[in-house]
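The block underneath contains the structure these notes are about, expressed in structure tokens.
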Amino acid sequence: MISEPDAVEEETVVSETSLDTRHAAKMAKKKAARDRMMAAKSKEKGLIIVHTGAGKGKSSSAFGMIMRCVAHGFPCAVVQFIKGAWDNGERRLLTGHFGELCQFHAMGKGFTWETQDRARDIAAVRAAWEKAMQLIADQALRMVVLDEINIALRYEYLEIGEVLEFLKNSKPPMTHVVLTGRNAKQELIDAADLVTEMTLVKHPFRSGIKAQPGVEF
């Protein structure tokens with residue numbers, strides 16, 4: 001006769017075994033469905049990628065993609081439409097250690113509220129876009145990041161129609177282009193292959209904490 005404690009222990013073991021069996025069957029079914037889905041995804045193409053939204057991480061995510069390209073040995077490039085002389089960690093890393101793989105062009109004149117010179121801002125954006133077109137057209141480059149171009153488009157320092165026309169007709173088929181900045185134009189969102197919106201939930205700036213190296217730049 002099995003004692004009550006032994007019976008409880010045996011029931012627990014059977015219950016755990018049953019749970020593990022059901023879990024394994026569920027995961028096997030899930031894997032089979034996943035494998036079928038992945039088998040149907042065989043195409044490759046150069047993507048138009050948009051990072052927008054009020055939350056932090058738009059440029060950071062784009063630079064993460066650039067570092068992946070560098071890790072794979074893919075030539076790539078960055079054009080910064082707003083930041084110029086401002087020192088930042090990404091620029092230091094890429095120009096100091098990976099300059100042979102990643103071109104870095106910081107062509108902005110600073111944030112618009114700092115420059116307070118619309119004509120100068122437009123000229124800087126125009127020069128940055130000319131450089132961007134040159135880089136995107138270079139089929140040797142796997143990825144080109146247009147950092148904070150959405151801000152230039154928002155203020156209409158650059159025409160959205162011109163940007164979309166170039167991306168549609170002049171971007172090489174296998175080149176990825178990443179466009180960052182909040183308030184992305186709806187036309188750009190519609191034309192993109194991948195769009196991510198960063199949502200602001202909490203930010204230390206609202207608590208009086210300034211931007212800090214290693215976090216914001």
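Ligands are numbered from 1 in the order shown, residues from 1 within each chain, and chains are lettered A, B, ... in the order they appear in the structure tokens.
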
Can you build me a table of region 162-206 of chain A residues sitting at most 12 Å from region 61-69 of chain A, with the closest atom pair per residue and its distance in Å to one decimal, using only C-alpha atoms, sorted by chain and residue number, as a Markdown table?
| residue | atom | partner | partner_atom | distance |
| --- | --- | --- | --- | --- |
| A:Thr175 | CA | A:Cys69 | CA | 11.7 |
| A:His176 | CA | A:Met65 | CA | 10.1 |
| A:Val177 | CA | A:Ala62 | CA | 9.8 |
| A:Val178 | CA | A:Ala62 | CA | 6.7 |
| A:Leu179 | CA | A:Ala62 | CA | 8.3 |
| A:Thr180 | CA | A:Ala62 | CA | 7.5 |
| A:Gly181 | CA | A:Ala62 | CA | 10.5 |
| A:Val195 | CA | A:Ala62 | CA | 11.9 |
| A:Thr196 | CA | A:Ser61 | CA | 9.9 |
| A:Glu197 | CA | A:Ser61 | CA | 11.3 |
| A:Met198 | CA | A:Ser61 | CA | 10.1 |

Quiz item: Tell me, which residues of region 46-126 of chain A carry DSSP strand (DSSP E or B), written as a PyMOL selection string?
Solution: chain A and resi 48-52+76-80+102-106

Saved selection, atoms kept: C-alpha atoms, as a compact mmCIF listing (two decimals), in the first residue's frame:
# COMPACT_ATOMS: atom_id res chain seq x y z
CA ILE A 48 14.16 51.25 -47.09
CA ILE A 49 14.10 51.39 -43.30
CA VAL A 50 12.55 54.16 -41.20
CA HIS A 51 13.16 54.76 -37.49
CA THR A 52 10.83 57.41 -36.13
CA CYS A 76 28.70 51.15 -45.41
CA ALA A 77 28.26 54.87 -44.75
CA VAL A 78 26.63 57.40 -42.45
CA VAL A 79 25.45 60.91 -43.32
CA GLN A 80 24.35 63.06 -40.38
CA CYS A 102 32.42 52.85 -42.86
CA GLN A 103 32.44 56.34 -44.29
CA PHE A 104 31.20 58.92 -41.80
CA HIS A 105 29.99 62.35 -42.91
CA ALA A 106 28.75 64.68 -40.16

Quiz prompt | Near-region 152-161 of chain A list (9 Å; only C-alpha atoms; drop same-chain fewer than 4 positions) as a ChimeraX atom specification | solution = /A:81-82,118,121-123,125-126,129,148,165-166,181-185,187-188

Practice problem: Determine the nearest neighbour of Thr199 (chain A) from the options A:Gly108, A:Arg92, A:Lys56, A:Thr17, counting only C-alpha atoms. | Solution: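 Of all the options, A:Lys56 lies closest to Thr199 (chain A).
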
Exercise. Name the residues in contact with Leu101 (chain A) at a cut-off of 7 Å, using only C-alpha atoms, excluding same-chain residues fewer than 5 positions from it; report them as number ranges by chain.
Key: A: 70, 74-76

Practice problem: Compare A:Leu19, A:Leu135, A:Val163, A:Leu47 by their minimum atom-to-atom distance to Leu194 (chain A), counting only C-alpha atoms, and give me the closest one. | Solution: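 Of A:Leu19, A:Leu135, A:Val163, A:Leu47, the one nearest Leu194 (chain A), counting only C-alpha atoms, is A:Leu47.
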